[in-house]
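Participant: For reference, the file my_file19.cif (mmCIF, C-alpha atoms) is included below:
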```cif
data_entry
#
loop_
_atom_site.label_atom_id
_atom_site.label_comp_id
_atom_site.auth_asym_id
_atom_site.auth_seq_id
_atom_site.Cartn_x
_atom_site.Cartn_y
_atom_site.Cartn_z
CA MET G 1 111.09 204.20 22.56
CA ALA G 2 114.86 204.00 22.61
CA TYR G 3 114.75 204.49 26.36
CA ILE G 4 112.25 201.63 26.86
CA TYR G 5 114.36 199.36 24.62
CA LYS G 6 117.44 200.25 26.63
CA GLN G 7 115.61 199.55 29.90
CA ILE G 8 114.38 196.15 28.67
CA LYS G 9 117.88 195.26 27.48
CA TYR G 10 119.34 196.33 30.80
CA LYS G 11 116.79 194.30 32.77
CA PHE G 12 117.39 191.28 30.55
CA PHE G 13 121.15 191.33 31.00
CA GLU G 14 120.67 191.99 34.70
CA LEU G 15 118.50 188.88 35.01
CA LEU G 16 120.67 186.70 32.78
CA PRO G 17 123.24 185.62 35.43
CA VAL G 18 120.43 184.63 37.85
CA LEU G 19 118.60 182.72 35.11
CA LEU G 20 121.84 181.03 34.10
CA LEU G 21 122.56 180.16 37.74
CA PHE G 22 119.21 178.43 38.18
CA PHE G 23 119.23 176.88 34.73
CA ILE G 24 122.57 175.14 35.26
CA SER G 25 121.61 173.90 38.71
CA LEU G 26 118.16 172.65 37.69
CA SER G 27 119.35 171.05 34.47
CA GLY G 28 122.26 169.39 36.26
CA ASN G 29 124.83 171.11 34.04
CA SER G 30 126.74 172.90 36.78
CA ILE G 31 129.67 170.64 35.94
CA VAL G 32 130.23 170.48 32.20
CA ASP G 33 131.64 167.01 31.73
CA LEU G 34 133.41 166.51 28.42
CA LYS G 35 135.50 163.60 27.23
CA PHE G 36 138.89 164.63 28.57
CA PHE G 37 138.06 167.37 30.99
CA SER G 38 135.30 168.84 33.10
CA ILE G 39 134.65 172.40 34.21
CA ASN G 40 132.65 173.63 37.16
CA VAL G 41 130.70 176.44 35.49
CA HIS G 42 128.80 177.04 38.73
CA TYR G 43 131.96 178.12 40.57
CA ILE G 44 133.10 180.42 37.78
CA LEU G 45 129.66 182.01 37.41
CA VAL G 46 129.34 182.71 41.14
CA TYR G 47 132.93 183.93 41.48
CA TYR G 48 132.75 186.28 38.52
CA TRP G 49 129.42 187.93 39.34
CA VAL G 50 130.04 188.28 43.08
CA LEU G 51 133.38 189.86 42.24
CA ARG G 52 132.14 192.15 39.49
CA LYS G 53 128.49 192.94 40.18
CA PRO G 54 127.23 191.43 43.43
CA GLN G 55 123.96 193.35 43.30
CA ILE G 56 122.92 191.20 40.30
CA LEU G 57 123.59 187.81 41.86
CA GLY G 58 122.03 187.75 45.32
CA TYR G 59 123.63 185.52 47.94
CA GLY G 60 120.20 184.00 48.62
CA TYR G 61 120.01 182.87 45.00
CA ILE G 62 123.46 181.31 45.26
CA PHE G 63 122.40 179.39 48.35
CA LEU G 64 119.20 178.22 46.69
CA SER G 65 120.98 177.09 43.53
CA GLY G 66 123.45 175.15 45.69
CA ILE G 67 120.55 173.37 47.41
CA ILE G 68 119.04 172.55 44.00
CA SER G 69 122.38 171.12 42.81
CA ASP G 70 122.57 168.98 45.94
CA VAL G 71 119.14 167.52 45.25
CA ILE G 72 119.83 166.93 41.55
CA PHE G 73 123.21 165.27 42.19
CA GLY G 74 121.91 163.28 45.17
CA PHE G 75 124.21 164.80 47.79
CA PRO G 76 123.19 165.70 51.34
CA LEU G 77 121.49 169.10 51.36
CA GLY G 78 123.81 172.01 51.99
CA ILE G 79 127.11 170.69 50.61
CA ASN G 80 127.07 172.46 47.24
CA ALA G 81 125.41 175.48 48.82
CA LEU G 82 128.24 175.78 51.32
CA SER G 83 130.97 175.42 48.67
CA LEU G 84 129.31 178.04 46.48
CA LEU G 85 128.99 180.42 49.41
CA ILE G 86 132.69 179.90 50.19
CA ILE G 87 133.49 180.85 46.58
CA ALA G 88 131.23 183.90 47.00
CA SER G 89 132.95 184.82 50.30
CA VAL G 90 136.42 184.76 48.73
CA ALA G 91 135.10 186.81 45.79
CA ALA G 92 133.49 189.31 48.18
CA TYR G 93 136.75 189.61 50.13
CA ILE G 94 138.80 190.11 46.96
CA ARG G 95 136.30 192.75 45.84
CA VAL G 96 136.78 194.65 49.09
CA VAL G 97 140.60 194.58 49.01
CA THR G 98 141.24 195.22 45.31
CA VAL G 99 140.71 198.33 43.25
CA ARG G 100 141.77 197.46 39.71
CA VAL G 101 139.82 194.99 37.60
CA THR G 102 142.14 192.79 35.57
CA LEU G 103 141.83 189.28 34.31
CA VAL G 104 145.14 188.24 35.89
CA ASN G 105 144.11 189.52 39.34
CA ASP G 106 140.79 187.73 39.11
CA TRP G 107 142.39 184.57 37.80
CA ILE G 108 145.03 184.33 40.50
CA SER G 109 142.60 185.12 43.27
CA PHE G 110 140.38 182.33 41.93
CA ILE G 111 142.97 179.80 43.19
CA PRO G 112 142.29 180.31 46.93
CA ALA G 113 138.56 180.36 46.18
CA LEU G 114 138.82 176.96 44.49
CA LEU G 115 141.06 175.57 47.23
CA PHE G 116 138.74 176.68 50.04
CA ALA G 117 135.60 175.51 48.25
CA ASN G 118 137.04 172.08 47.41
CA PHE G 119 138.36 171.68 50.94
CA ILE G 120 134.86 172.34 52.30
CA TYR G 121 133.41 170.00 49.69
CA PHE G 122 135.83 167.24 50.64
CA PHE G 123 135.34 167.85 54.36
CA SER G 124 131.53 167.79 54.24
CA LEU G 125 131.40 164.70 52.01
CA TYR G 126 133.87 162.91 54.24
CA PHE G 127 131.71 163.54 57.30
CA SER G 128 128.55 162.58 55.41
CA ASN G 129 130.15 159.20 54.58
CA TYR G 130 130.03 159.77 50.83
CA SER G 131 132.82 158.45 48.65
CA ILE G 132 133.64 160.37 45.52
CA ASP G 133 136.43 160.17 42.95
CA TYR G 134 138.91 162.64 44.43
CA LEU G 135 141.19 162.43 41.40
CA TYR G 136 138.23 163.58 39.32
CA LEU G 137 137.63 166.43 41.76
CA PHE G 138 141.29 167.46 41.44
CA LYS G 139 141.21 167.33 37.63
CA ASN G 140 137.94 169.25 37.64
CA SER G 141 139.50 172.00 39.78
CA ILE G 142 142.53 172.27 37.48
CA PHE G 143 140.38 172.59 34.36
CA THR G 144 137.97 174.99 36.07
CA PHE G 145 140.98 177.20 36.80
CA VAL G 146 142.39 176.83 33.27
CA PHE G 147 139.06 177.66 31.61
CA TYR G 148 138.32 180.64 33.85
CA PRO G 149 139.58 183.26 31.36
CA ILE G 150 137.25 182.00 28.61
CA LEU G 151 134.15 182.34 30.78
CA TRP G 152 135.56 185.58 32.20
CA GLY G 153 135.58 186.91 28.63
CA ILE G 154 132.00 185.78 27.96
CA PHE G 155 130.69 187.24 31.21
CA SER G 156 132.57 190.50 30.67
CA MET G 157 130.93 190.74 27.26
CA MET G 158 127.53 190.25 28.92
CA LEU G 159 128.37 192.93 31.45
CA ASN G 160 129.43 195.38 28.73
CA LEU G 161 126.27 194.69 26.75
CA SER G 162 124.15 195.55 29.75
CA LYS G 163 126.01 198.83 30.14
CA SER G 164 125.97 199.92 26.50
CA MET Y 1 151.39 195.17 61.72
CA ASP Y 2 148.35 195.93 63.91
CA THR Y 3 146.92 198.18 61.24
CA ASN Y 4 147.36 195.39 58.71
CA ARG Y 5 145.52 192.94 60.92
CA GLU Y 6 142.80 195.50 61.51
CA ASP Y 7 142.48 196.09 57.78
CA ILE Y 8 142.10 192.37 57.12
CA GLY Y 9 139.50 192.16 59.89
CA ILE Y 10 137.56 195.06 58.43
CA ALA Y 11 137.74 193.52 54.93
CA ILE Y 12 136.51 190.14 56.18
CA ARG Y 13 133.71 191.77 58.16
CA SER Y 14 132.72 193.85 55.18
CA ALA Y 15 132.73 190.81 52.87
CA LEU Y 16 131.01 188.32 55.12
CA ILE Y 17 128.85 190.08 57.66
CA ASP Y 18 127.76 193.32 56.00
CA LYS Y 19 124.86 193.03 53.61
CA GLY Y 20 125.74 194.47 50.23
CA THR Y 21 123.49 196.63 48.10
CA LYS Y 22 120.31 194.80 47.06
CA GLN Y 23 121.33 191.79 49.21
CA LYS Y 24 118.72 190.39 51.58
CA PHE Y 25 121.07 188.09 53.48
CA SER Y 26 124.69 188.35 54.53
CA LEU Y 27 127.10 185.61 53.45
CA PHE Y 28 127.77 184.69 57.06
CA VAL Y 29 124.08 183.96 57.77
CA LEU Y 30 123.78 181.80 54.66
CA ILE Y 31 126.98 179.89 55.46
CA ILE Y 32 125.59 179.10 58.91
CA LEU Y 33 122.29 178.07 57.29
CA SER Y 34 124.15 175.69 54.94
CA ILE Y 35 125.97 174.12 57.86
CA ILE Y 36 122.64 173.70 59.67
CA PHE Y 37 121.23 172.02 56.53
CA ILE Y 38 124.17 169.56 56.46
CA PHE Y 39 123.56 168.67 60.11
CA ILE Y 40 119.80 168.36 59.56
CA GLU Y 41 120.54 165.77 56.86
CA THR Y 42 121.93 163.47 59.52
CA ILE Y 43 118.84 163.81 61.74
CA GLU Y 44 116.02 161.39 60.98
CA THR Y 45 112.80 162.88 62.33
CA LYS Y 46 109.38 163.11 60.74
CA PRO Y 47 109.21 166.91 60.20
CA PHE Y 48 112.72 167.04 58.70
CA ASN Y 49 112.04 164.00 56.52
CA PHE Y 50 108.78 165.56 55.34
CA PHE Y 51 110.57 168.81 54.52
CA ARG Y 52 113.35 166.98 52.62
CA ILE Y 53 110.89 164.82 50.69
CA PHE Y 54 108.74 167.81 49.76
CA LEU Y 55 111.74 169.87 48.66
CA LYS Y 56 113.24 167.06 46.58
CA ASP Y 57 109.97 166.24 44.84
CA ILE Y 58 109.50 169.90 43.87
CA ILE Y 59 113.08 170.26 42.62
CA TYR Y 60 112.84 167.07 40.55
CA ARG Y 61 109.68 168.37 38.86
CA GLY Y 62 111.40 171.70 38.20
CA SER Y 63 114.38 169.90 36.76
CA ILE Y 64 112.17 167.94 34.37
CA ALA Y 65 110.58 171.18 33.17
CA VAL Y 66 113.97 172.85 32.65
CA SER Y 67 115.31 169.79 30.83
CA ILE Y 68 112.49 169.79 28.25
CA PRO Y 69 114.26 172.01 25.66
CA SER Y 70 117.55 170.13 25.83
CA LYS Y 71 115.75 166.78 25.82
CA SER Y 72 113.66 167.79 22.82
CA PHE Y 73 116.79 168.94 21.01
CA GLY Y 74 118.48 165.64 21.84
CA ASN Y 75 115.46 163.70 20.56
CA PHE Y 76 115.46 165.73 17.37
CA THR Y 77 119.15 165.12 16.68
CA ASP Y 78 118.65 161.40 17.41
CA TYR Y 79 115.75 161.38 14.96
CA VAL Y 80 117.87 163.02 12.26
CA LYS Y 81 120.78 160.68 12.96
CA GLU Y 82 118.49 157.65 12.75
CA HIS Y 83 117.31 158.73 9.31
CA VAL Y 84 120.83 159.38 8.11
CA ASN Y 85 122.00 155.97 9.32
CA LEU Y 86 118.93 154.06 8.15
CA TYR Y 87 120.62 151.95 5.50
CA SER Y 88 123.66 150.98 7.59
CA ASN Y 89 121.36 150.14 10.53
CA TYR Y 90 119.25 147.94 8.27
CA SER Y 91 122.31 145.99 7.08
CA GLN Y 92 123.58 145.61 10.63
CA LEU Y 93 120.19 144.44 11.92
CA LYS Y 94 119.93 141.90 9.11
CA LYS Y 95 123.32 140.50 10.05
CA GLU Y 96 122.43 140.47 13.76
CA ASN Y 97 119.15 138.72 13.01
CA GLU Y 98 120.98 135.90 11.28
CA GLU Y 99 123.40 135.57 14.19
CA LEU Y 100 120.54 135.55 16.69
CA LYS Y 101 118.77 132.79 14.78
CA ASN Y 102 121.93 130.71 15.07
CA ASN Y 103 122.19 131.48 18.78
CA ILE Y 104 118.65 130.42 19.70
CA SER Y 105 119.64 126.81 20.21
CA LYS Y 106 122.59 127.90 22.36
CA THR Y 107 120.28 130.07 24.48
CA ASP Y 108 117.92 127.17 25.12
CA PHE Y 109 120.80 125.16 26.45
CA LEU Y 110 122.03 128.02 28.64
CA GLU Y 111 118.52 128.56 30.01
CA LEU Y 112 118.33 124.92 31.04
CA GLU Y 113 121.75 125.13 32.65
CA ASN Y 114 120.72 128.34 34.41
CA THR Y 115 117.59 126.72 35.86
CA GLN Y 116 119.64 123.82 37.13
CA LEU Y 117 122.17 126.15 38.72
CA ARG Y 118 119.42 128.19 40.36
CA LYS Y 119 117.94 125.02 41.82
CA LEU Y 120 121.40 124.11 43.02
CA ILE Y 121 121.78 127.26 45.07
CA GLU Y 122 118.17 126.96 46.28
CA GLU Y 123 117.44 130.53 45.49
CA GLN Y 124 114.13 132.25 45.71
CA ILE Y 125 113.49 133.83 42.38
CA ALA Y 126 111.46 137.00 42.66
CA SER Y 127 108.13 136.43 41.03
CA SER Y 128 106.66 139.07 38.73
CA SER Y 129 103.87 139.69 41.25
CA ASN Y 130 106.15 141.56 43.66
CA LEU Y 131 107.72 143.74 41.02
CA VAL Y 132 106.73 147.30 40.36
CA SER Y 133 107.77 149.13 37.20
CA ALA Y 134 109.07 152.67 37.12
CA ARG Y 135 110.27 155.15 34.53
CA VAL Y 136 113.60 156.93 34.80
CA MET Y 137 112.55 160.51 35.41
CA LEU Y 138 115.93 162.21 35.70
CA ASP Y 139 119.19 160.80 34.49
CA LYS Y 140 121.50 163.66 35.36
CA GLN Y 141 124.62 161.66 35.79
CA SER Y 142 126.52 163.54 38.42
CA PRO Y 143 130.26 163.30 37.87
CA TYR Y 144 130.50 162.20 41.47
CA LEU Y 145 127.48 159.93 41.97
CA ASN Y 146 126.16 157.33 39.54
CA SER Y 147 122.47 157.41 40.21
CA PHE Y 148 119.15 158.34 38.67
CA VAL Y 149 115.71 159.39 39.81
CA ILE Y 150 112.60 157.29 39.11
CA ASN Y 151 108.97 158.41 39.02
CA ILE Y 152 107.63 156.38 41.96
CA GLY Y 153 108.23 156.74 45.65
CA SER Y 154 106.54 155.98 48.94
CA ASN Y 155 103.18 156.35 47.12
CA LYS Y 156 103.87 152.92 45.54
CA GLY Y 157 105.42 151.33 48.59
CA ILE Y 158 109.06 151.94 47.67
CA LYS Y 159 111.51 151.73 50.56
CA ASN Y 160 115.21 152.31 51.00
CA GLY Y 161 117.40 149.33 50.09
CA MET Y 162 115.05 147.74 47.56
CA ALA Y 163 116.68 146.16 44.52
CA ALA Y 164 116.34 147.84 41.12
CA LEU Y 165 116.33 145.65 38.01
CA ASP Y 166 116.68 146.32 34.32
CA GLY Y 167 114.50 143.52 32.98
CA LYS Y 168 115.78 140.69 35.17
CA ASN Y 169 119.25 142.09 35.74
CA PHE Y 170 120.32 143.80 38.94
CA ILE Y 171 121.41 147.40 38.40
CA GLY Y 172 121.30 149.06 41.80
CA ARG Y 173 119.32 149.83 44.91
CA ILE Y 174 117.02 152.51 46.25
CA VAL Y 175 118.85 155.01 48.45
CA ASP Y 176 116.43 157.89 48.80
CA VAL Y 177 112.62 157.77 48.81
CA ASN Y 178 110.29 160.75 48.39
CA PHE Y 179 106.50 160.81 47.88
CA PHE Y 180 106.52 160.68 44.09
CA SER Y 181 110.15 159.93 43.29
CA SER Y 182 113.09 157.85 44.46
CA ARG Y 183 116.80 157.75 43.77
CA VAL Y 184 118.48 154.58 42.55
CA LEU Y 185 122.17 154.24 43.36
CA LEU Y 186 123.69 152.33 40.48
CA ILE Y 187 125.93 149.33 40.97
CA SER Y 188 128.80 151.22 39.31
CA ASP Y 189 128.86 153.97 41.95
CA LEU Y 190 131.79 154.31 44.33
CA ASN Y 191 129.42 153.96 47.28
CA SER Y 192 127.92 150.69 46.02
CA LYS Y 193 129.07 147.48 47.72
CA ILE Y 194 127.00 144.36 46.96
CA SER Y 195 127.43 140.84 48.26
CA VAL Y 196 127.60 138.50 45.25
CA LEU Y 197 127.96 134.85 44.30
CA ILE Y 198 130.11 133.74 41.38
CA GLU Y 199 129.06 130.73 39.34
CA PRO Y 200 130.13 128.00 38.66
CA SER Y 201 132.78 128.23 41.40
CA ALA Y 202 130.23 129.36 44.04
CA TYR Y 203 132.65 131.89 45.53
CA HIS Y 204 131.26 134.70 47.62
CA ALA Y 205 132.63 138.20 47.06
CA ILE Y 206 131.83 141.88 47.32
CA LEU Y 207 131.11 143.77 44.12
CA SER Y 208 132.47 147.29 44.47
CA GLY Y 209 131.58 150.16 42.16
CA HIS Y 210 134.31 152.42 40.79
CA GLY Y 211 132.46 155.31 39.20
CA ARG Y 212 133.01 155.32 35.49
CA ASN Y 213 134.94 152.04 35.35
CA LYS Y 214 133.55 148.54 35.58
CA PRO Y 215 132.81 147.30 39.12
CA THR Y 216 135.37 144.91 40.59
CA LEU Y 217 135.16 141.79 42.73
CA GLU Y 218 136.77 142.11 46.15
CA TYR Y 219 137.36 139.85 49.16
CA LEU Y 220 137.72 136.72 47.06
CA PRO Y 221 139.52 133.67 48.49
CA GLU Y 222 143.28 133.83 47.96
CA LYS Y 223 143.49 130.79 45.69
CA HIS Y 224 140.42 131.31 43.61
CA THR Y 225 139.87 129.88 40.16
CA ILE Y 226 137.73 132.59 38.67
CA GLN Y 227 137.84 132.82 34.90
CA ASN Y 228 136.60 135.11 32.18
CA GLY Y 229 132.92 134.56 31.53
CA ASP Y 230 131.95 133.32 35.02
CA LYS Y 231 128.51 134.59 35.93
CA VAL Y 232 127.89 136.94 38.87
CA TYR Y 233 124.62 136.89 40.87
CA THR Y 234 123.40 138.57 44.03
CA SER Y 235 124.08 136.26 46.96
CA GLY Y 236 121.34 137.56 49.23
CA GLN Y 237 123.72 137.17 52.17
CA GLU Y 238 123.20 140.71 53.37
CA GLY Y 239 119.52 139.88 53.78
CA ILE Y 240 118.31 142.78 51.66
CA PHE Y 241 118.16 141.45 48.10
CA SER Y 242 116.82 138.15 46.83
CA PRO Y 243 119.59 135.72 45.91
CA GLY Y 244 120.29 134.74 42.32
CA ILE Y 245 119.52 138.00 40.53
CA PRO Y 246 121.87 138.13 37.53
CA ILE Y 247 124.37 141.00 37.53
CA GLY Y 248 127.03 140.35 34.91
CA GLU Y 249 129.97 138.23 33.90
CA VAL Y 250 133.59 138.21 34.97
CA ILE Y 251 136.15 139.88 32.78
CA ILE Y 252 139.80 139.85 33.88
CA GLU Y 253 141.73 142.97 32.83
CA ASN Y 254 145.31 143.66 33.97
CA ASN Y 255 144.92 141.22 36.90
CA PHE Y 256 141.82 143.08 38.08
CA ILE Y 257 138.71 140.93 38.31
CA LYS Y 258 136.04 143.16 36.84
CA VAL Y 259 132.40 142.54 36.07
CA LEU Y 260 130.89 143.34 32.71
CA LEU Y 261 127.29 144.20 33.59
CA PHE Y 262 124.48 142.54 31.66
CA SER Y 263 122.70 145.89 31.44
CA ASP Y 264 124.03 149.03 29.83
CA LEU Y 265 123.49 151.54 32.63
CA SER Y 266 123.47 154.51 30.26
CA GLN Y 267 120.57 153.15 28.21
CA ILE Y 268 117.93 152.51 30.84
CA THR Y 269 114.45 154.01 30.51
CA PHE Y 270 112.27 151.65 32.53
CA ILE Y 271 113.21 149.63 35.57
CA ASN Y 272 111.60 147.13 37.93
CA ILE Y 273 111.74 147.37 41.71
CA ILE Y 274 111.40 144.27 43.86
CA LEU Y 275 108.96 145.09 46.65
#
```
For the structure just supplied, provide its representation as structure tokens.
Facilitator:
Amino acid sequence: MAYIYKQIKYKFFELLPVLLLFFISLSGNSIVDLKFFSINVHYILVYYWVLRKPQILGYGYIFLSGIISDVIFGFPLGINALSLLIIASVAAYIRVVTVRVTLVNDWISFIPALLFANFIYFFSLYFSNYSIDYLYLFKNSIFTFVFYPILWGIFSMMLNLSKS
Amino acid sequence: MDTNREDIGIAIRSALIDKGTKQKFSLFVLIILSIIFIFIETIETKPFNFFRIFLKDIIYRGSIAVSIPSKSFGNFTDYVKEHVNLYSNYSQLKKENEELKNNISKTDFLELENTQLRKLIEEQIASSSNLVSARVMLDKQSPYLNSFVINIGSNKGIKNGMAALDGKNFIGRIVDVNFFSSRVLLISDLNSKISVLIEPSAYHAILSGHGRNKPTLEYLPEKHTIQNGDKVYTSGQEGIFSPGIPIGEVIIENNFIKVLLFSDLSQITFINIIL
């Protein structure tokens, strides 16, 4: 009985990041927009899970959730998907070259991921003739970086729960 | 140095090209696929359009289903709030009712003036027969795009560029049409540029959206005499919208000529589309 319970719990926590990924893209909450700041939860979610447990969050799912976000937000198909895959690529690279798991390492390496992803975002929107508020994009990136440790903590807790 | 470069190359190859455990695709393949998708978006052919329309319709339906719990929770909190604020709302409504009674005579006069002005610019007012109503299906305000999705599409004869109205007020235009849904780009969006006419001065200008802020009037004559409260209408000069659809009134803030829209874009449930 205890074994079955443990298996169900493990499966649940294994599925949770994927469910969360699709939930935030389908519900249009990939960018949590509050009064004074906004955070791109999508980026943090993808970065964390590709870095820590890539077998849980398949790259195909990331691509699909990016496509969904594009449709929901009314952008040309592929723009969000590409930015998310860039985030995943940086995370995958960092995973290959680092051994120790620390918050500081993850946090600092999140900077190039954000820079690359936003550059791609800017570049693709520019060539698709879409105007967006670039100051907002900049502020969003800053707050996404600042809030990374909080979500890192929450996701680490989820990861530990699945192990215990 | 060479070893370092080799190491980086191996790391990049391992991260991008090699498939990880339980991964069906490599990152490199998916990145290429995303780029192909972006290019496909620029190609207008029947099969691609059909694919896009089909995909978007399905995702919109999925989004509605996913939004049900949060929407229900929002409705519940609104319901509770309404009950809590019942007395204050009643007092406010009573006061408003009295004010409205006083304003009726003023409105009659304004209506008459409006009719005369419309005749003056020889506009063609859209009759109710060529309007089609739609419900706002998804109002996921993207931080980057001010738009929403409505529940009718090519099945009801909707086409790109058609004007969207809230009651009789212009609020945006159709930018994306699927079978059973369409996207309305709101007048406040950065990508929205509308040719307008300002009354009573009869100046022509371009109304530009600025995201969250009020839209502004651009390309006005250098020595204009625009004042607070001047009314803004569509000019119909671009040949897409009917002329004389009310948009808002001028409000001058810090030397910027802004337009206070007649409709509150965050409170729209039903809209009309001019066919």
Participant: Once the PyMOL selection byres ((chain G) within 7 of (chain Y)) has been evaluated on this model, what residues remain selected, and can you format them as a list in words?
Facilitator: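 For this structure, the PyMOL selection byres ((chain G) within 7 of (chain Y)) resolves to Phe23, Leu26, Ser27, Gly28, Gln55, Gly58, Tyr59, Gly60, Phe63, Ile68, Val71, Phe73, Pro76, Leu77, Gly78, Ile79, Ala81, Leu82, Leu85, Ser89, Ala92, Tyr93, Val96, Val97, Tyr130, Ser131, Ile132 and Asp133 of chain G.
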Participant: How many Å separate CA of Lys106 (chain Y) from CA of Ile271 (chain Y)?
Facilitator: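 The value is 27.1 Å.
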Participant: In Å, how far is it from CA of Leu21 (chain G) to CA of Ile120 (chain G)?
Facilitator: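 CA of Ile120 (chain G) lies 20.6 Å from CA of Leu21 (chain G).
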Participant: Please evaluate the PyMOL selection byres ((chain Y and resi 240) around 12) against the structure above and give the resulting residues as a compact mmCIF listing (two decimals) with C-alpha atoms, keeping the file's coordinate frame.
Facilitator:
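Everything below was put into out-v9.txt:
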```
# COMPACT_ATOMS: atom_id res chain seq x y z
CA LYS Y 159 111.51 151.73 50.56
CA ASN Y 160 115.21 152.31 51.00
CA GLY Y 161 117.40 149.33 50.09
CA MET Y 162 115.05 147.74 47.56
CA ALA Y 163 116.68 146.16 44.52
CA ALA Y 164 116.34 147.84 41.12
CA ARG Y 173 119.32 149.83 44.91
CA ILE Y 174 117.02 152.51 46.25
CA ILE Y 194 127.00 144.36 46.96
CA SER Y 195 127.43 140.84 48.26
CA THR Y 234 123.40 138.57 44.03
CA SER Y 235 124.08 136.26 46.96
CA GLY Y 236 121.34 137.56 49.23
CA GLN Y 237 123.72 137.17 52.17
CA GLU Y 238 123.20 140.71 53.37
CA GLY Y 239 119.52 139.88 53.78
CA PHE Y 241 118.16 141.45 48.10
CA SER Y 242 116.82 138.15 46.83
CA PRO Y 243 119.59 135.72 45.91
CA ILE Y 274 111.40 144.27 43.86
CA LEU Y 275 108.96 145.09 46.65
```
Participant: Could you tell me which of G:Tyr48, G:Tyr5, G:Phe22, G:Phe147 comes closest to Ile67 (chain G) if we count all atoms listed in the file?
Facilitator: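 Checking each of G:Tyr48, G:Tyr5, G:Phe22, G:Phe147 against Ile67 (chain G), counting all atoms listed in the file, the winner is G:Phe22.
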Participant: Write out as a PyMOL selection string each polymer residue whose atoms come within 7 Å of Phe143 (chain G), counting only C-alpha atoms; drop sequence neighbours fewer than 2 positions from it.
Facilitator: chain G and resi 37-39+139-141+145-147
Participant: Pick out the closest residue to Ile268 (chain Y) from this set: Y:Leu93, Y:Ile104, Y:Leu165, Y:Ile247. Count all atoms listed in the file.
Facilitator: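 Of the candidates, the smallest distance to Ile268 (chain Y) is held by Y:Leu165.
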Participant: What does the structure give for the distance between CA of Ile158 (chain Y) and CA of Asn213 (chain Y), in Å to one decimal?
Facilitator: 28.7 Å
Participant: Where does the PyMOL selection byres ((chain Y and resi 207) around 6) land in this file, that is, which residues does it pick, as an NGL selection string?
Facilitator: :Y and (193-194 or 206 or 208 or 216-217)
Participant: From the list G:Leu161, G:Leu51, G:Leu135, G:Ala117, which residue is nearest Asn105 (chain G) when using all atoms listed in the file?
Facilitator: G:Leu51
Participant: Go through G:Ile56, G:Ile142, G:Val46, G:Leu64 one by one, measure the shortest atom-to-atom distance of each to Val90 (chain G) using all atoms listed in the file, and give the residue with the smallest value.
Facilitator: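 Ranked by minimum distance to Val90 (chain G), first place goes to G:Val46.
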Participant: Name all residues at most 12 Å from Asn160 (chain G) (count only C-alpha atoms; drop same-chain ones fewer than 2 positions away) and give them as a PDB file with C-alpha atoms, keeping the file's coordinate frame.
Facilitator:
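Just written: result-v1.pdb:
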```pdb
ATOM      1  CA  LYS G   9     117.880 195.260  27.480  1.00  0.00           C
ATOM      2  CA  TYR G  10     119.340 196.330  30.800  1.00  0.00           C
ATOM      3  CA  PHE G  13     121.150 191.330  31.000  1.00  0.00           C
ATOM      4  CA  GLU G  14     120.670 191.990  34.700  1.00  0.00           C
ATOM      5  CA  ARG G  52     132.140 192.150  39.490  1.00  0.00           C
ATOM      6  CA  LYS G  53     128.490 192.940  40.180  1.00  0.00           C
ATOM      7  CA  GLY G 153     135.580 186.910  28.630  1.00  0.00           C
ATOM      8  CA  ILE G 154     132.000 185.780  27.960  1.00  0.00           C
ATOM      9  CA  PHE G 155     130.690 187.240  31.210  1.00  0.00           C
ATOM     10  CA  SER G 156     132.570 190.500  30.670  1.00  0.00           C
ATOM     11  CA  MET G 157     130.930 190.740  27.260  1.00  0.00           C
ATOM     12  CA  MET G 158     127.530 190.250  28.920  1.00  0.00           C
ATOM     13  CA  SER G 162     124.150 195.550  29.750  1.00  0.00           C
ATOM     14  CA  LYS G 163     126.010 198.830  30.140  1.00  0.00           C
ATOM     15  CA  SER G 164     125.970 199.920  26.500  1.00  0.00           C
TER      16      SER G 164
END
```
Participant: For Glu249 (chain Y), list every protein, DNA or RNA residue within 9 Å, evaluated using only C-alpha atoms, and leave out those in the same chain fewer than 5 positions away; present the list as a list in words.
Facilitator: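 Once the nearby chain positions are removed, what remains is Ile198, Asn228, Gly229, Asp230, Lys231, Val232, Tyr233, Lys258, Val259, Leu260, Leu261 and Phe262 of chain Y.
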